[in-house]
file query_35.cif (mmCIF, C-alpha atoms)
data_target
loop_
_atom_site.group_PDB
_atom_site.id
_atom_site.type_symbol
_atom_site.label_atom_id
_atom_site.label_comp_id
_atom_site.auth_asym_id
_atom_site.auth_seq_id
_atom_site.Cartn_x
_atom_site.Cartn_y
_atom_site.Cartn_z
ATOM 1 C CA MET N 1 5.861 -11.011 12.857
ATOM 2 C CA LYS N 2 6.909 -10.563 9.236
ATOM 3 C CA LEU N 3 5.315 -7.957 6.948
ATOM 4 C CA VAL N 4 5.616 -7.466 3.194
ATOM 5 C CA SER N 5 4.171 -4.471 1.339
ATOM 6 C CA ILE N 6 4.213 -4.065 -2.467
ATOM 7 C CA ASN N 7 2.566 -1.929 -5.128
ATOM 8 C CA ILE N 8 2.150 -4.787 -7.601
ATOM 9 C CA GLU N 9 1.056 -2.766 -10.693
ATOM 10 C CA GLY N 10 -2.065 -4.777 -11.329
ATOM 11 C CA HIS N 11 -1.646 -8.121 -13.066
ATOM 12 C CA ARG N 12 1.618 -7.343 -14.890
ATOM 13 C CA HIS N 13 4.128 -8.978 -12.513
ATOM 14 C CA LEU N 14 1.816 -11.232 -10.508
ATOM 15 C CA HIS N 15 2.758 -14.739 -11.593
ATOM 16 C CA GLU N 16 6.315 -14.150 -12.795
ATOM 17 C CA ARG N 17 7.625 -12.080 -9.889
ATOM 18 C CA VAL N 18 5.166 -11.134 -7.124
ATOM 19 C CA LEU N 19 3.871 -14.569 -6.087
ATOM 20 C CA PRO N 20 7.303 -16.271 -6.254
ATOM 21 C CA PHE N 21 8.733 -13.447 -4.125
ATOM 22 C CA LEU N 22 5.994 -13.755 -1.503
ATOM 23 C CA LYS N 23 6.411 -17.514 -1.334
ATOM 24 C CA ARG N 24 10.144 -17.106 -0.736
ATOM 25 C CA GLU N 25 9.672 -14.435 1.931
ATOM 26 C CA LYS N 26 6.982 -16.368 3.860
ATOM 27 C CA PRO N 27 5.368 -13.299 5.491
ATOM 28 C CA ASP N 28 2.689 -13.419 8.172
ATOM 29 C CA ILE N 29 0.821 -10.480 6.644
ATOM 30 C CA VAL N 30 0.917 -9.008 3.137
ATOM 31 C CA CYS N 31 -0.235 -5.526 2.089
ATOM 32 C CA LEU N 32 -0.708 -4.967 -1.638
ATOM 33 C CA GLN N 33 -1.594 -1.865 -3.622
ATOM 34 C CA GLU N 34 -2.916 -1.780 -7.224
ATOM 35 C CA VAL N 35 -4.622 -5.169 -7.021
ATOM 36 C CA PHE N 36 -7.338 -6.401 -9.362
ATOM 37 C CA GLU N 37 -10.236 -7.916 -7.441
ATOM 38 C CA ILE N 38 -10.248 -10.845 -9.848
ATOM 39 C CA ASP N 39 -6.703 -11.743 -8.692
ATOM 40 C CA VAL N 40 -7.458 -11.657 -4.948
ATOM 41 C CA PRO N 41 -8.674 -15.279 -4.609
ATOM 42 C CA VAL N 42 -5.766 -16.458 -6.763
ATOM 43 C CA ILE N 43 -3.267 -14.737 -4.450
ATOM 44 C CA ALA N 44 -5.022 -15.975 -1.305
ATOM 45 C CA GLU N 45 -5.077 -19.569 -2.504
ATOM 46 C CA SER N 46 -1.469 -19.444 -3.686
ATOM 47 C CA LEU N 47 -0.280 -18.162 -0.301
ATOM 48 C CA GLY N 48 -2.723 -20.140 1.842
ATOM 49 C CA MET N 49 -3.982 -16.914 3.407
ATOM 50 C CA THR N 50 -7.223 -15.108 4.186
ATOM 51 C CA SER N 51 -7.888 -12.035 2.033
ATOM 52 C CA PHE N 52 -9.373 -8.583 2.629
ATOM 53 C CA PHE N 53 -10.059 -6.325 -0.388
ATOM 54 C CA ARG N 54 -11.465 -2.828 -0.863
ATOM 55 C CA PRO N 55 -12.105 -1.265 -4.295
ATOM 56 C CA MET N 56 -10.783 2.144 -5.363
ATOM 57 C CA THR N 57 -11.596 2.376 -9.078
ATOM 58 C CA ASP N 58 -12.972 0.504 -12.083
ATOM 59 C CA VAL N 59 -10.378 -0.229 -14.764
ATOM 60 C CA SER N 60 -12.677 -1.181 -17.642
ATOM 61 C CA GLN N 61 -10.847 0.599 -20.462
ATOM 62 C CA PRO N 62 -7.183 0.229 -21.523
ATOM 63 C CA THR N 63 -4.871 3.168 -20.804
ATOM 64 C CA ILE N 64 -1.138 3.804 -21.153
ATOM 65 C CA HIS N 65 -0.904 3.033 -17.432
ATOM 66 C CA ILE N 66 -2.882 -0.217 -17.495
ATOM 67 C CA PRO N 67 -3.081 -1.635 -21.031
ATOM 68 C CA LYS N 68 -4.895 -4.779 -19.872
ATOM 69 C CA PRO N 69 -8.031 -3.753 -17.954
ATOM 70 C CA LEU N 70 -9.420 -6.399 -15.632
ATOM 71 C CA GLY N 71 -12.140 -4.484 -13.816
ATOM 72 C CA ILE N 72 -12.311 -3.532 -10.146
ATOM 73 C CA PHE N 73 -8.967 -2.358 -8.751
ATOM 74 C CA GLY N 74 -7.915 -1.515 -5.196
ATOM 75 C CA LEU N 75 -6.110 -2.513 -2.008
ATOM 76 C CA ALA N 76 -5.746 -5.940 -0.426
ATOM 77 C CA GLN N 77 -4.354 -7.541 2.692
ATOM 78 C CA PHE N 78 -3.585 -11.221 3.201
ATOM 79 C CA THR N 79 -2.670 -13.059 6.373
ATOM 80 C CA SER N 80 -2.202 -16.544 7.756
ATOM 81 C CA LEU N 81 -2.638 -15.355 11.359
ATOM 82 C CA PRO N 82 -5.831 -15.403 13.454
ATOM 83 C CA ILE N 83 -7.866 -12.289 12.636
ATOM 84 C CA GLN N 84 -9.406 -10.252 15.432
ATOM 85 C CA GLN N 85 -10.831 -7.428 13.329
ATOM 86 C CA GLN N 86 -10.770 -6.014 9.792
ATOM 87 C CA GLN N 87 -11.897 -2.538 8.818
ATOM 88 C CA ALA N 88 -11.704 -0.151 5.890
ATOM 89 C CA ALA N 89 -12.513 3.493 5.262
ATOM 90 C CA ASP N 90 -12.776 5.616 2.133
ATOM 91 C CA TYR N 91 -11.139 8.946 2.958
ATOM 92 C CA VAL N 92 -11.416 10.472 -0.549
ATOM 93 C CA LYS N 93 -14.674 10.332 -2.547
ATOM 94 C CA ALA N 94 -16.277 8.496 0.358
ATOM 95 C CA ASP N 95 -19.733 9.652 -0.731
ATOM 96 C CA ALA N 96 -19.402 8.611 -4.378
ATOM 97 C CA GLU N 97 -22.456 6.558 -5.298
ATOM 98 C CA LYS N 98 -20.633 4.870 -8.173
ATOM 99 C CA LEU N 99 -17.084 3.545 -8.208
ATOM 100 C CA PRO N 100 -15.068 6.070 -10.262
ATOM 101 C CA ALA N 101 -13.532 4.973 -13.538
ATOM 102 C CA PHE N 102 -9.736 4.798 -13.701
ATOM 103 C CA PHE N 103 -8.302 8.085 -15.068
ATOM 104 C CA GLU N 104 -11.833 9.424 -15.579
ATOM 105 C CA ASN N 105 -11.643 12.646 -17.617
ATOM 106 C CA GLY N 106 -7.858 12.255 -17.629
ATOM 107 C CA ASP N 107 -7.619 12.728 -13.845
ATOM 108 C CA PRO N 108 -5.076 10.397 -12.165
ATOM 109 C CA ASN N 109 -6.862 10.970 -8.854
ATOM 110 C CA ALA N 110 -10.330 10.115 -10.150
ATOM 111 C CA MET N 111 -10.682 7.258 -7.693
ATOM 112 C CA LYS N 112 -11.542 6.571 -4.101
ATOM 113 C CA ARG N 113 -8.652 6.693 -1.665
ATOM 114 C CA VAL N 114 -8.923 3.909 0.870
ATOM 115 C CA VAL N 115 -7.193 2.722 4.008
ATOM 116 C CA LEU N 116 -7.491 -0.896 5.190
ATOM 117 C CA TRP N 117 -6.455 -2.183 8.579
ATOM 118 C CA THR N 118 -6.393 -5.661 10.053
ATOM 119 C CA THR N 119 -5.798 -6.641 13.655
ATOM 120 C CA VAL N 120 -4.232 -10.084 13.946
ATOM 121 C CA GLU N 121 -3.087 -12.124 16.903
ATOM 122 C CA PHE N 122 0.599 -12.986 17.062
ATOM 123 C CA GLU N 123 2.240 -14.649 20.076
ATOM 124 C CA GLY N 124 -0.771 -13.740 22.205
ATOM 125 C CA GLN N 125 -0.797 -10.038 21.338
ATOM 126 C CA PRO N 126 -2.882 -7.958 18.912
ATOM 127 C CA TYR N 127 -1.058 -6.330 15.985
ATOM 128 C CA THR N 128 -2.824 -3.734 13.834
ATOM 129 C CA ILE N 129 -1.460 -3.320 10.313
ATOM 130 C CA ALA N 130 -2.844 -0.729 7.877
ATOM 131 C CA THR N 131 -2.194 0.035 4.235
ATOM 132 C CA THR N 132 -3.131 2.748 1.746
ATOM 133 C CA HIS N 133 -2.413 4.061 -1.734
ATOM 134 C CA PHE N 134 -2.287 7.829 -1.383
ATOM 135 C CA THR N 135 -3.066 10.725 -3.715
ATOM 136 C CA TRP N 136 -0.792 11.118 -6.754
ATOM 137 C CA SER N 137 0.962 14.331 -7.771
ATOM 138 C CA THR N 138 3.213 15.341 -10.675
ATOM 139 C CA HIS N 139 6.854 14.473 -9.902
ATOM 140 C CA GLY N 140 5.768 13.714 -6.327
ATOM 141 C CA ASP N 141 5.528 17.428 -5.530
ATOM 142 C CA PRO N 142 3.314 18.329 -2.560
ATOM 143 C CA THR N 143 -0.050 19.771 -3.585
ATOM 144 C CA GLU N 144 -3.018 21.277 -1.805
ATOM 145 C CA GLU N 145 -4.997 18.218 -2.886
ATOM 146 C CA GLN N 146 -2.505 15.987 -1.072
ATOM 147 C CA GLN N 147 -2.644 18.134 2.072
ATOM 148 C CA ARG N 148 -6.437 18.041 2.127
ATOM 149 C CA ASP N 149 -6.495 14.283 1.555
ATOM 150 C CA LEU N 150 -3.839 13.736 4.215
ATOM 151 C CA ASP N 151 -6.044 15.593 6.703
ATOM 152 C CA SER N 152 -8.840 13.168 5.808
ATOM 153 C CA LEU N 153 -6.534 10.155 6.196
ATOM 154 C CA PHE N 154 -5.345 11.400 9.590
ATOM 155 C CA LYS N 155 -8.950 11.648 10.801
ATOM 156 C CA VAL N 156 -9.336 7.920 10.131
ATOM 157 C CA LEU N 157 -5.953 6.949 11.553
ATOM 158 C CA ASP N 158 -6.607 8.969 14.716
ATOM 159 C CA THR N 159 -9.316 6.420 15.575
ATOM 160 C CA ILE N 160 -6.686 3.646 15.689
ATOM 161 C CA PRO N 161 -4.604 3.969 18.882
ATOM 162 C CA GLU N 162 -1.521 1.991 17.787
ATOM 163 C CA LEU N 163 -0.626 0.715 14.335
ATOM 164 C CA VAL N 164 1.879 0.077 11.587
ATOM 165 C CA ILE N 165 0.900 1.652 8.261
ATOM 166 C CA CYS N 166 2.551 0.908 4.941
ATOM 167 C CA GLY N 167 1.852 1.472 1.266
ATOM 168 C CA ASP N 168 2.445 3.691 -1.732
ATOM 169 C CA PHE N 169 2.171 7.259 -0.456
ATOM 170 C CA ASN N 170 3.084 9.024 -3.729
ATOM 171 C CA ALA N 171 4.966 11.451 -1.495
ATOM 172 C CA PRO N 172 8.774 11.393 -1.657
ATOM 173 C CA ARG N 173 10.782 11.530 1.535
ATOM 174 C CA GLY N 174 12.181 15.007 2.099
ATOM 175 C CA ARG N 175 9.092 16.868 0.925
ATOM 176 C CA ARG N 176 6.123 18.348 2.760
ATOM 177 C CA THR N 177 3.591 15.514 2.504
ATOM 178 C CA PHE N 178 6.054 12.866 3.650
ATOM 179 C CA ALA N 179 7.294 15.206 6.401
ATOM 180 C CA ARG N 180 3.774 15.496 7.812
ATOM 181 C CA LEU N 181 3.535 11.712 7.990
ATOM 182 C CA ALA N 182 6.973 11.456 9.620
ATOM 183 C CA GLU N 183 6.028 14.092 12.212
ATOM 184 C CA ARG N 184 3.144 11.933 13.389
ATOM 185 C CA TYR N 185 4.631 8.437 12.934
ATOM 186 C CA LYS N 186 8.090 6.918 12.938
ATOM 187 C CA ASP N 187 9.621 6.524 9.465
ATOM 188 C CA ASN N 188 11.121 3.024 9.433
ATOM 189 C CA ILE N 189 12.690 3.027 5.952
ATOM 190 C CA PRO N 190 16.501 3.023 6.343
ATOM 191 C CA PRO N 191 17.897 6.523 5.679
ATOM 192 C CA GLU N 192 20.380 5.256 3.095
ATOM 193 C CA VAL N 193 17.537 4.051 0.831
ATOM 194 C CA THR N 194 16.914 6.813 -1.716
ATOM 195 C CA THR N 195 14.229 5.295 -3.938
ATOM 196 C CA SER N 196 11.451 2.717 -3.903
ATOM 197 C CA VAL N 197 10.858 3.003 -7.661
ATOM 198 C CA ASP N 198 12.272 0.096 -9.660
ATOM 199 C CA GLY N 199 13.645 1.561 -12.870
ATOM 200 C CA GLN N 200 13.826 -1.773 -14.683
ATOM 201 C CA PHE N 201 10.013 -2.021 -14.641
ATOM 202 C CA HIS N 202 8.670 1.508 -14.044
ATOM 203 C CA LYS N 203 7.277 3.209 -17.154
ATOM 204 C CA ALA N 204 9.196 6.410 -16.308
ATOM 205 C CA GLY N 205 12.509 4.583 -15.841
ATOM 206 C CA GLN N 206 14.718 5.144 -12.834
ATOM 207 C CA LEU N 207 13.458 7.827 -10.447
ATOM 208 C CA GLU N 208 15.109 8.802 -7.173
ATOM 209 C CA LEU N 209 11.844 8.938 -5.239
ATOM 210 C CA MET N 210 11.335 7.214 -1.884
ATOM 211 C CA VAL N 211 7.536 7.105 -2.136
ATOM 212 C CA ASP N 212 6.670 3.792 -0.471
ATOM 213 C CA GLY N 213 6.427 4.141 3.270
ATOM 214 C CA LEU N 214 6.501 2.132 6.468
ATOM 215 C CA PHE N 215 5.373 4.098 9.515
ATOM 216 C CA SER N 216 4.576 3.096 13.079
ATOM 217 C CA THR N 217 3.370 4.327 16.453
ATOM 218 C CA PRO N 218 5.565 3.882 19.573
ATOM 219 C CA GLU N 219 4.001 0.575 20.607
ATOM 220 C CA TYR N 220 5.717 -1.155 17.672
ATOM 221 C CA GLN N 221 9.400 -1.785 17.015
ATOM 222 C CA LEU N 222 10.436 -2.579 13.452
ATOM 223 C CA SER N 223 13.694 -4.253 12.475
ATOM 224 C CA GLN N 224 15.366 -5.886 9.461
ATOM 225 C CA VAL N 225 13.605 -3.383 7.189
ATOM 226 C CA LYS N 226 14.559 -3.952 3.545
ATOM 227 C CA VAL N 227 13.579 -2.351 0.242
ATOM 228 C CA VAL N 228 13.836 -5.075 -2.402
ATOM 229 C CA GLY N 229 13.879 -4.668 -6.194
ATOM 230 C CA GLY N 230 13.000 -7.073 -8.974
ATOM 231 C CA VAL N 231 9.373 -7.571 -7.913
ATOM 232 C CA SER N 232 7.271 -4.817 -9.540
ATOM 233 C CA ASP N 233 7.565 -1.232 -10.781
ATOM 234 C CA HIS N 234 7.811 -0.337 -7.087
ATOM 235 C CA LYS N 235 10.210 -2.137 -4.798
ATOM 236 C CA ALA N 236 8.876 -4.396 -2.065
ATOM 237 C CA ILE N 237 9.212 -3.475 1.606
ATOM 238 C CA THR N 238 9.871 -6.238 4.130
ATOM 239 C CA ALA N 239 10.132 -5.920 7.901
ATOM 240 C CA ILE N 240 9.969 -7.730 11.221
ATOM 241 C CA ILE N 241 7.479 -6.211 13.678
ATOM 242 C CA GLN N 242 7.428 -6.606 17.451
ATOM 243 C CA ARG N 243 5.201 -5.089 20.139
ATOM 244 C CA SER N 244 6.522 -3.690 23.373
#
call {"tool": "encode", "arguments": {"input": "query_35.cif", "output": "structure tokens"}}
result
Amino acid sequence: MKLVSINIEGHRHLHERVLPFLKREKPDIVCLQEVFEIDVPVIAESLGMTSFFRPMTDVSQPTIHIPKPLGIFGLAQFTSLPIQQQQAADYVKADAEKLPAFFENGDPNAMKRVVLWTTVEFEGQPYTIATTHFTWSTHGDPTEEQQRDLDSLFKVLDTIPELVICGDFNAPRGRRTFARLAERYKDNIPPEVTTSVDGQFHKAGQLELMVDGLFSTPEYQLSQVKVVGGVSDHKAITAIIQRS
């Protein structure tokens, strides 16, 4: 089964780079971070896939990060495979009555943090694929906020016996937050890959930060893992997944 995961940076690269890339790759399941809800049906129709979306924040005002606000913003999964189950959980600000505004009071973490997971059927077996967009920190340094939020994420993931989880973890490989993930799950990004930030599109330029992850439990074997530039401000992750 083929997986693609990308932080697509909202609407900026969607038609020029993201959709053409996905059509070329022909994945069975797609995990996207930083997706506008308004774009979800467009992506689903373009790929001929079923969609699953969960909101994280409301981008109703322009900022230096998102100059073109298009409203509700979050995570999405798309698949062409038969779906057995789809679930989502808010692990940060789960009790918020109102969807937080993007960068509310200047806080980059003023949003819900969400994990989505879909169980699909492939060659007669169930495959559970999850995605998240984790808590941000300055320069990717580990913070107490990240550690607390990771504890909350683990509580959700502990309810899923076997899975592959991908996404933008805002936690560079080699530092504490990433290390905690890699202690619990297998890190499938090739060791020679030193960054998943694409300097030609990222507002900060080239950064040597491997922040986009692809983790798995022992039931899954991942191969042909690639980190591909030229798609968004983060590089795309592609992989082939098999179950034992």
call {"tool": "atom_distance", "arguments": {"input": "query_35.cif", "atom1": "atom CA of N:Tyr127", "atom2": "atom CA of N:Arg243"}}
result
7.6 Å
call {"tool": "residues_around", "arguments": {"input": "query_35.cif", "residues": "N:Asp149", "least_positions_apart": "4", "cutoff": "8 Å", "atoms": "all atoms listed in the file", "output": "list in words"}}
result
Tyr91, Val92, Thr135, Glu145 and Leu153 of chain N
call {"tool": "write_last_selection", "arguments": {"input": "query_35.cif", "atoms": "C-alpha atoms", "output": "CSV table (one decimal), in the coordinates of the input"}}
result
chain,number,residue,atom,x,y,z
N,91,TYR,CA,-11.1,8.9,3.0
N,92,VAL,CA,-11.4,10.5,-0.5
N,135,THR,CA,-3.1,10.7,-3.7
N,145,GLU,CA,-5.0,18.2,-2.9
N,153,LEU,CA,-6.5,10.2,6.2
call {"tool": "residues_around", "arguments": {"input": "query_35.cif", "residues": "N:Leu47", "least_positions_apart": "6", "cutoff": "10 Å", "atoms": "all atoms listed in the file", "output": "ChimeraX atom specification"}}
result
/N:19-20,22-23,26-27,30,41,78-80
call {"tool": "atom_distance", "arguments": {"input": "query_35.cif", "atom1": "atom CA of N:His139", "atom2": "atom CA of N:Phe73"}}
result
23.1 Å
call {"tool": "atom_distance", "arguments": {"input": "query_35.cif", "atom1": "atom CA of N:His11", "atom2": "atom CA of N:His65"}}
result
12.0 Å
call {"tool": "resolve_selection", "arguments": {"input": "query_35.cif", "expression": "the PyMOL selection byres ((chain N and resi 191-199) around 10)", "output": "PDB file with C-alpha atoms, in the coordinates of the input"}}
result
ATOM      1  CA  ASN N   7       2.566  -1.929  -5.128  1.00  0.00           C
ATOM      2  CA  ASP N 168       2.445   3.691  -1.732  1.00  0.00           C
ATOM      3  CA  PRO N 172       8.774  11.393  -1.657  1.00  0.00           C
ATOM      4  CA  ARG N 173      10.782  11.530   1.535  1.00  0.00           C
ATOM      5  CA  ASP N 187       9.621   6.524   9.465  1.00  0.00           C
ATOM      6  CA  ASN N 188      11.121   3.024   9.433  1.00  0.00           C
ATOM      7  CA  ILE N 189      12.690   3.027   5.952  1.00  0.00           C
ATOM      8  CA  PRO N 190      16.501   3.023   6.343  1.00  0.00           C
ATOM      9  CA  GLN N 200      13.826  -1.773 -14.683  1.00  0.00           C
ATOM     10  CA  PHE N 201      10.013  -2.021 -14.641  1.00  0.00           C
ATOM     11  CA  HIS N 202       8.670   1.508 -14.044  1.00  0.00           C
ATOM     12  CA  LYS N 203       7.277   3.209 -17.154  1.00  0.00           C
ATOM     13  CA  ALA N 204       9.196   6.410 -16.308  1.00  0.00           C
ATOM     14  CA  GLY N 205      12.509   4.583 -15.841  1.00  0.00           C
ATOM     15  CA  GLN N 206      14.718   5.144 -12.834  1.00  0.00           C
ATOM     16  CA  LEU N 207      13.458   7.827 -10.447  1.00  0.00           C
ATOM     17  CA  GLU N 208      15.109   8.802  -7.173  1.00  0.00           C
ATOM     18  CA  LEU N 209      11.844   8.938  -5.239  1.00  0.00           C
ATOM     19  CA  MET N 210      11.335   7.214  -1.884  1.00  0.00           C
ATOM     20  CA  VAL N 211       7.536   7.105  -2.136  1.00  0.00           C
ATOM     21  CA  ASP N 212       6.670   3.792  -0.471  1.00  0.00           C
ATOM     22  CA  GLY N 213       6.427   4.141   3.270  1.00  0.00           C
ATOM     23  CA  LYS N 226      14.559  -3.952   3.545  1.00  0.00           C
ATOM     24  CA  VAL N 227      13.579  -2.351   0.242  1.00  0.00           C
ATOM     25  CA  VAL N 228      13.836  -5.075  -2.402  1.00  0.00           C
ATOM     26  CA  GLY N 229      13.879  -4.668  -6.194  1.00  0.00           C
ATOM     27  CA  GLY N 230      13.000  -7.073  -8.974  1.00  0.00           C
ATOM     28  CA  VAL N 231       9.373  -7.571  -7.913  1.00  0.00           C
ATOM     29  CA  SER N 232       7.271  -4.817  -9.540  1.00  0.00           C
ATOM     30  CA  ASP N 233       7.565  -1.232 -10.781  1.00  0.00           C
ATOM     31  CA  HIS N 234       7.811  -0.337  -7.087  1.00  0.00           C
ATOM     32  CA  LYS N 235      10.210  -2.137  -4.798  1.00  0.00           C
ATOM     33  CA  ALA N 236       8.876  -4.396  -2.065  1.00  0.00           C
ATOM     34  CA  ILE N 237       9.212  -3.475   1.606  1.00  0.00           C
TER      35      ILE N 237
END
call {"tool": "resolve_selection", "arguments": {"input": "query_35.cif", "expression": "the PyMOL selection byres ((chain N and resi 182) around 12)", "output": "PDB file with C-alpha atoms, in the coordinates of the input"}}
result
ATOM      1  CA  ILE N 165       0.900   1.652   8.261  1.00  0.00           C
ATOM      2  CA  PHE N 169       2.171   7.259  -0.456  1.00  0.00           C
ATOM      3  CA  ALA N 171       4.966  11.451  -1.495  1.00  0.00           C
ATOM      4  CA  PRO N 172       8.774  11.393  -1.657  1.00  0.00           C
ATOM      5  CA  ARG N 173      10.782  11.530   1.535  1.00  0.00           C
ATOM      6  CA  GLY N 174      12.181  15.007   2.099  1.00  0.00           C
ATOM      7  CA  ARG N 175       9.092  16.868   0.925  1.00  0.00           C
ATOM      8  CA  ARG N 176       6.123  18.348   2.760  1.00  0.00           C
ATOM      9  CA  THR N 177       3.591  15.514   2.504  1.00  0.00           C
ATOM     10  CA  PHE N 178       6.054  12.866   3.650  1.00  0.00           C
ATOM     11  CA  ALA N 179       7.294  15.206   6.401  1.00  0.00           C
ATOM     12  CA  ARG N 180       3.774  15.496   7.812  1.00  0.00           C
ATOM     13  CA  LEU N 181       3.535  11.712   7.990  1.00  0.00           C
ATOM     14  CA  GLU N 183       6.028  14.092  12.212  1.00  0.00           C
ATOM     15  CA  ARG N 184       3.144  11.933  13.389  1.00  0.00           C
ATOM     16  CA  TYR N 185       4.631   8.437  12.934  1.00  0.00           C
ATOM     17  CA  LYS N 186       8.090   6.918  12.938  1.00  0.00           C
ATOM     18  CA  ASP N 187       9.621   6.524   9.465  1.00  0.00           C
ATOM     19  CA  ASN N 188      11.121   3.024   9.433  1.00  0.00           C
ATOM     20  CA  ILE N 189      12.690   3.027   5.952  1.00  0.00           C
ATOM     21  CA  GLY N 213       6.427   4.141   3.270  1.00  0.00           C
ATOM     22  CA  LEU N 214       6.501   2.132   6.468  1.00  0.00           C
ATOM     23  CA  PHE N 215       5.373   4.098   9.515  1.00  0.00           C
ATOM     24  CA  SER N 216       4.576   3.096  13.079  1.00  0.00           C
ATOM     25  CA  THR N 217       3.370   4.327  16.453  1.00  0.00           C
TER      26      THR N 217
END
call {"tool": "axis_aligned_box", "arguments": {"input": "query_35.cif", "around": "stretch 143-162 of chain N", "padding_each_side": "8 Å", "output": "AutoDock Vina command-line options"}}
result
--center_x -4.7 --center_y 11.6 --center_z 7.6 --size_x 25.3 --size_y 35.3 --size_z 38.5
call {"tool": "residues_around", "arguments": {"input": "query_35.cif", "residues": "N:Leu81", "least_positions_apart": "3", "cutoff": "7 Å", "atoms": "all atoms listed in the file", "output": "PDB file with C-alpha atoms, keeping the file's coordinate frame"}}
result
ATOM      1  CA  ASP N  28       2.689 -13.419   8.172  1.00  0.00           C
ATOM      2  CA  VAL N 120      -4.232 -10.084  13.946  1.00  0.00           C
ATOM      3  CA  GLU N 121      -3.087 -12.124  16.903  1.00  0.00           C
ATOM      4  CA  PHE N 122       0.599 -12.986  17.062  1.00  0.00           C
TER       5      PHE N 122
END
call {"tool": "decode", "arguments": {"input": "query_35.cif", "residues": "stretch 110-136 of chain N", "atoms": "C-alpha atoms", "output": "PDB file, in the first residue's frame"}}
result
ATOM      1  CA  ALA N 110      -3.366  28.767  19.973  1.00  0.00           C
ATOM      2  CA  MET N 111      -5.128  25.920  18.211  1.00  0.00           C
ATOM      3  CA  LYS N 112      -6.426  22.448  18.825  1.00  0.00           C
ATOM      4  CA  ARG N 113      -3.953  19.643  18.261  1.00  0.00           C
ATOM      5  CA  VAL N 114      -5.616  16.720  16.546  1.00  0.00           C
ATOM      6  CA  VAL N 115      -4.812  13.182  15.505  1.00  0.00           C
ATOM      7  CA  LEU N 116      -6.793  11.424  12.756  1.00  0.00           C
ATOM      8  CA  TRP N 117      -6.668   7.736  11.985  1.00  0.00           C
ATOM      9  CA  THR N 118      -8.284   5.662   9.272  1.00  0.00           C
ATOM     10  CA  THR N 119      -8.423   1.894   9.008  1.00  0.00           C
ATOM     11  CA  VAL N 120      -8.615   0.733   5.401  1.00  0.00           C
ATOM     12  CA  GLU N 121      -8.706  -2.691   3.825  1.00  0.00           C
ATOM     13  CA  PHE N 122      -5.833  -3.594   1.526  1.00  0.00           C
ATOM     14  CA  GLU N 123      -5.317  -7.084   0.080  1.00  0.00           C
ATOM     15  CA  GLY N 124      -7.710  -8.501   2.667  1.00  0.00           C
ATOM     16  CA  GLN N 125      -5.997  -6.981   5.701  1.00  0.00           C
ATOM     17  CA  PRO N 126      -6.755  -3.914   7.842  1.00  0.00           C
ATOM     18  CA  TYR N 127      -4.213  -1.070   7.789  1.00  0.00           C
ATOM     19  CA  THR N 128      -4.470   1.773  10.307  1.00  0.00           C
ATOM     20  CA  ILE N 129      -2.852   5.045   9.254  1.00  0.00           C
ATOM     21  CA  ALA N 130      -2.754   8.102  11.536  1.00  0.00           C
ATOM     22  CA  THR N 131      -1.605  11.670  11.067  1.00  0.00           C
ATOM     23  CA  THR N 132      -1.051  14.729  13.250  1.00  0.00           C
ATOM     24  CA  HIS N 133       0.398  18.229  13.269  1.00  0.00           C
ATOM     25  CA  PHE N 134       2.202  18.555  16.583  1.00  0.00           C
ATOM     26  CA  THR N 135       2.970  21.470  18.895  1.00  0.00           C
ATOM     27  CA  TRP N 136       5.357  24.124  17.546  1.00  0.00           C
TER      28      TRP N 136
END
